[in-house]
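Peer 1: Just one file: work_36.txt, with compact mmCIF, C-alpha atoms.
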```
# COMPACT_ATOMS: atom_id res chain seq x y z
CA MET Q 1 14.07 16.65 -22.89
CA ASN Q 2 11.20 15.52 -25.10
CA LYS Q 3 7.56 15.89 -24.10
CA GLU Q 4 7.14 12.20 -23.19
CA ASP Q 5 10.06 12.42 -20.79
CA GLN Q 6 8.68 15.69 -19.41
CA VAL Q 7 5.29 14.08 -18.73
CA ILE Q 8 6.85 11.10 -16.93
CA MET Q 9 9.31 13.23 -14.92
CA THR Q 10 6.62 15.77 -14.03
CA TYR Q 11 4.19 13.05 -12.95
CA ARG Q 12 6.89 11.33 -10.85
CA ASN Q 13 7.86 14.65 -9.22
CA LEU Q 14 4.22 15.55 -8.59
CA TYR Q 15 3.53 12.15 -7.01
CA ASN Q 16 6.67 12.33 -4.86
CA LYS Q 17 5.77 15.84 -3.63
CA MET Q 18 2.26 14.71 -2.76
CA VAL Q 19 3.55 11.67 -0.85
CA TRP Q 20 6.22 13.73 0.92
CA LEU Q 21 3.74 16.42 1.96
CA ASN Q 22 1.08 13.96 3.06
CA ASN Q 23 3.58 11.87 5.03
CA PHE Q 24 4.00 14.64 7.60
CA LYS Q 25 0.37 14.26 8.64
CA MET Q 26 0.37 10.50 8.18
CA LYS Q 27 3.35 9.97 10.48
CA ASP Q 28 1.72 12.03 13.24
CA CYS Q 29 -1.56 10.15 13.00
CA PHE Q 30 -0.30 6.62 12.41
CA ASN Q 31 2.66 6.20 14.69
CA GLY Q 32 3.79 2.58 14.47
CA TYR Q 33 2.17 1.93 11.08
CA THR Q 34 3.81 2.17 7.67
CA SER Q 35 2.06 3.84 4.77
CA SER Q 36 1.59 0.42 3.15
CA GLU Q 37 -0.03 -0.92 6.31
CA VAL Q 38 -2.41 2.03 6.50
CA HIS Q 39 -3.40 1.55 2.87
CA CYS Q 40 -3.86 -2.18 3.50
CA ILE Q 41 -6.22 -1.26 6.35
CA GLU Q 42 -8.02 1.13 3.98
CA TYR Q 43 -8.45 -1.63 1.39
CA ILE Q 44 -9.72 -4.13 3.95
CA GLY Q 45 -12.17 -1.57 5.33
CA SER Q 46 -13.45 -0.64 1.88
CA ASN Q 47 -13.93 -4.08 0.30
CA ILE Q 48 -16.08 -7.14 0.84
CA ASP Q 49 -14.24 -10.32 1.86
CA PRO Q 50 -10.69 -9.11 1.20
CA ASN Q 51 -8.09 -11.88 1.05
CA VAL Q 52 -4.39 -12.18 0.24
CA THR Q 53 -5.08 -12.57 -3.49
CA LYS Q 54 -7.24 -9.46 -3.74
CA LEU Q 55 -4.75 -7.42 -1.70
CA ALA Q 56 -1.80 -8.61 -3.81
CA GLU Q 57 -3.61 -7.68 -7.01
CA SER Q 58 -4.59 -4.27 -5.70
CA PHE Q 59 -1.11 -3.35 -4.43
CA TYR Q 60 0.90 -5.06 -7.19
CA MET Q 61 2.73 -7.04 -4.53
CA THR Q 62 3.43 -10.74 -4.13
CA SER Q 63 1.18 -12.92 -2.01
CA GLY Q 64 4.14 -13.53 0.29
CA ALA Q 65 4.65 -9.81 0.91
CA ILE Q 66 0.93 -9.36 1.62
CA SER Q 67 0.96 -12.35 3.99
CA LYS Q 68 3.80 -10.76 5.95
CA MET Q 69 1.99 -7.44 6.11
CA THR Q 70 -1.32 -8.95 7.23
CA LYS Q 71 0.48 -10.98 9.91
CA LYS Q 72 2.03 -7.74 11.22
CA LEU Q 73 -1.37 -6.03 11.17
CA ILE Q 74 -2.94 -8.95 13.06
CA LYS Q 75 -0.14 -8.78 15.63
CA LYS Q 76 -0.67 -5.00 15.98
CA GLY Q 77 -4.38 -5.61 16.56
CA ALA Q 78 -5.64 -3.68 13.51
CA ILE Q 79 -7.14 -6.61 11.59
CA GLU Q 80 -8.29 -10.15 12.21
CA SER Q 81 -8.66 -13.13 9.92
CA TYR Q 82 -11.79 -15.19 9.43
CA GLN Q 83 -13.15 -18.01 7.30
CA LYS Q 84 -16.58 -18.51 5.85
CA PRO Q 85 -18.54 -21.55 7.02
CA ASP Q 86 -18.89 -22.77 3.42
CA ASN Q 87 -15.20 -22.21 2.51
CA LYS Q 88 -12.67 -23.35 5.09
CA LYS Q 89 -9.81 -23.06 2.57
CA GLU Q 90 -9.81 -19.29 2.04
CA ILE Q 91 -8.78 -16.79 4.72
CA TYR Q 92 -10.35 -13.33 4.72
CA PHE Q 93 -9.62 -10.20 6.73
CA ARG Q 94 -11.70 -7.61 8.55
CA LEU Q 95 -10.91 -4.60 10.67
CA THR Q 96 -10.87 -4.74 14.44
CA LYS Q 97 -12.07 -1.78 16.48
CA GLN Q 98 -8.52 -0.41 16.38
CA GLY Q 99 -8.40 -0.93 12.61
CA GLN Q 100 -11.72 0.89 12.21
CA GLU Q 101 -10.28 3.87 14.11
CA ILE Q 102 -7.25 3.95 11.80
CA PHE Q 103 -9.58 3.66 8.80
CA LYS Q 104 -11.65 6.65 10.00
CA ILE Q 105 -8.56 8.77 10.65
CA HIS Q 106 -7.24 7.89 7.20
CA GLU Q 107 -10.55 8.86 5.58
CA GLY Q 108 -10.41 12.17 7.46
CA LEU Q 109 -6.89 12.84 6.21
CA HIS Q 110 -7.97 12.15 2.63
CA LYS Q 111 -10.75 14.72 3.05
CA GLU Q 112 -8.24 17.19 4.51
CA PHE Q 113 -5.83 16.63 1.58
CA HIS Q 114 -8.73 17.00 -0.86
CA GLU Q 115 -9.70 20.32 0.72
CA ARG Q 116 -6.07 21.49 0.65
CA ASP Q 117 -5.85 20.74 -3.09
CA LYS Q 118 -9.39 21.86 -3.99
CA VAL Q 119 -8.12 25.30 -5.01
CA ILE Q 120 -6.31 23.71 -7.95
CA PHE Q 121 -8.94 21.15 -8.93
CA ASP Q 122 -11.64 23.81 -8.94
CA GLN Q 123 -9.73 25.51 -11.79
CA VAL Q 124 -9.79 22.42 -14.02
CA THR Q 125 -12.56 22.20 -16.59
CA GLU Q 126 -14.54 19.03 -17.30
CA GLU Q 127 -12.86 18.85 -20.70
CA GLN Q 128 -9.40 19.05 -19.10
CA PHE Q 129 -10.32 16.33 -16.60
CA ASP Q 130 -11.60 14.15 -19.46
CA ILE Q 131 -8.36 14.63 -21.41
CA MET Q 132 -6.20 13.80 -18.37
CA LEU Q 133 -8.29 10.77 -17.45
CA HIS Q 134 -8.23 9.54 -21.03
CA PHE Q 135 -4.43 9.80 -21.13
CA ILE Q 136 -4.02 8.05 -17.77
CA ASP Q 137 -6.36 5.24 -18.82
CA MET Q 138 -4.60 4.84 -22.17
CA TYR Q 139 -1.15 4.75 -20.53
CA SER Q 140 -2.35 2.35 -17.83
CA ARG Q 141 -3.73 -0.06 -20.43
CA HIS Q 142 -0.41 0.13 -22.30
CA LEU Q 143 1.51 -0.72 -19.12
CA ASP Q 144 -0.90 -3.59 -18.38
CA ALA Q 145 -0.15 -5.00 -21.85
CA GLU Q 146 3.61 -4.64 -21.30
CA ILE Q 147 3.33 -6.40 -17.92
CA LYS Q 148 1.34 -9.19 -19.55
CA LYS Q 149 3.95 -9.57 -22.33
CA LEU Q 150 6.55 -10.23 -19.65
CA GLY Q 151 4.34 -12.91 -18.11
CA LEU Q 152 3.95 -10.78 -15.01
CA ASP Q 153 0.21 -10.15 -15.24
CA ILE Q 154 -0.52 -10.03 -11.53
CA LYS Q 155 -4.25 -10.49 -11.83
CA SER Q 156 -4.07 -13.66 -13.94
CA ASP Q 157 -1.00 -15.01 -12.06
CA LYS Q 158 -2.68 -14.60 -8.69
CA SER Q 159 -5.99 -16.09 -9.74
CA ASN Q 160 -4.25 -19.20 -11.07
CA ASN Q 161 -2.59 -19.94 -7.69
```
Let me see the structure of the file written as structure tokens.

Peer 2:
Amino acid sequence: MNKEDQVIMTYRNLYNKMVWLNNFKMKDCFNGYTSSEVHCIEYIGSNIDPNVTKLAESFYMTSGAISKMTKKLIKKGAIESYQKPDNKKEIYFRLTKQGQEIFKIHEGLHKEFHERDKVIFDQVTEEQFDIMLHFIDMYSRHLDAEIKKLGLDIKSDKSNN
């Protein structure tokens, strides 16, 4: 296996392990909510005037899939929709009290996961972080360009709707 394949396979395995390990805690804390729903709640709680377009761009999902998810979250009582007085066309979302509780629990879990993994990150030098971040940024920009070549640039597609 060449080094490029090793990097991709290692990253995929690392990500899958992290998700698998974190899911044990997540399932206990968020019974009745999927991981996607919890992260949607996190996005709504962390951003100003989130709407379907912004959520779709952030999650690389279609507007239709986000609409379904937000309808489920409204039905579960975690979020509510609203409109601005000066813009009756656009629908925005905000957390309900229940959604704020989920948001706080999720933040706490992120801190717990960070503490669990701190032992490794404390061993990484600034130079090593810079090299890793540079590679990730470079690869991400490459993938953005490939997505755009296919006419699937989510950000421009969504903003044109």

Peer 1: Need the shell around Q:Val38: protein/DNA/RNA residues with any atom at most 8 Å away, counting only C-alpha atoms. Skip same-chain ones fewer than 4 positions apart. Format as a ChimeraX atom specification?

Peer 2: /Q:30,33-34,42,102-103,106

Peer 1: Atom CA of Q:Asn2 and atom CA of Q:Glu127 are how many Å apart?

Peer 2: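 These atoms are spaced 24.7 Å apart.
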
Peer 1: Find the spatial neighbours of stretch 79-94 of chain Q, counting only C-alpha atoms, within a cut-off of 7 Å - ignore same-chain residues fewer than 3 positions away - and output them as an NGL selection string.

Peer 2: :Q and (44-45 or 49-51 or 73-74 or 99)

Peer 1: Tell me which protein, DNA and RNA residues are within 10 Å of stretch 11-24 of chain Q, counting only C-alpha atoms, leaving out same-chain ones fewer than 4 positions away, and put them as a list in words.

Peer 2: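 Skipping anything fewer than 4 positions along the chain leaves Asp5, Gln6, Val7, Asp28, Cys29, Phe30, Ser35, Leu109, His110, Glu112 and Phe113 of chain Q.
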
Peer 1: State, in Å with one decimal place, the distance from atom CA of Q:Ala65 to atom CA of Q:Val52.

Peer 2: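 Distance reported for this atom pair: 9.4 Å.
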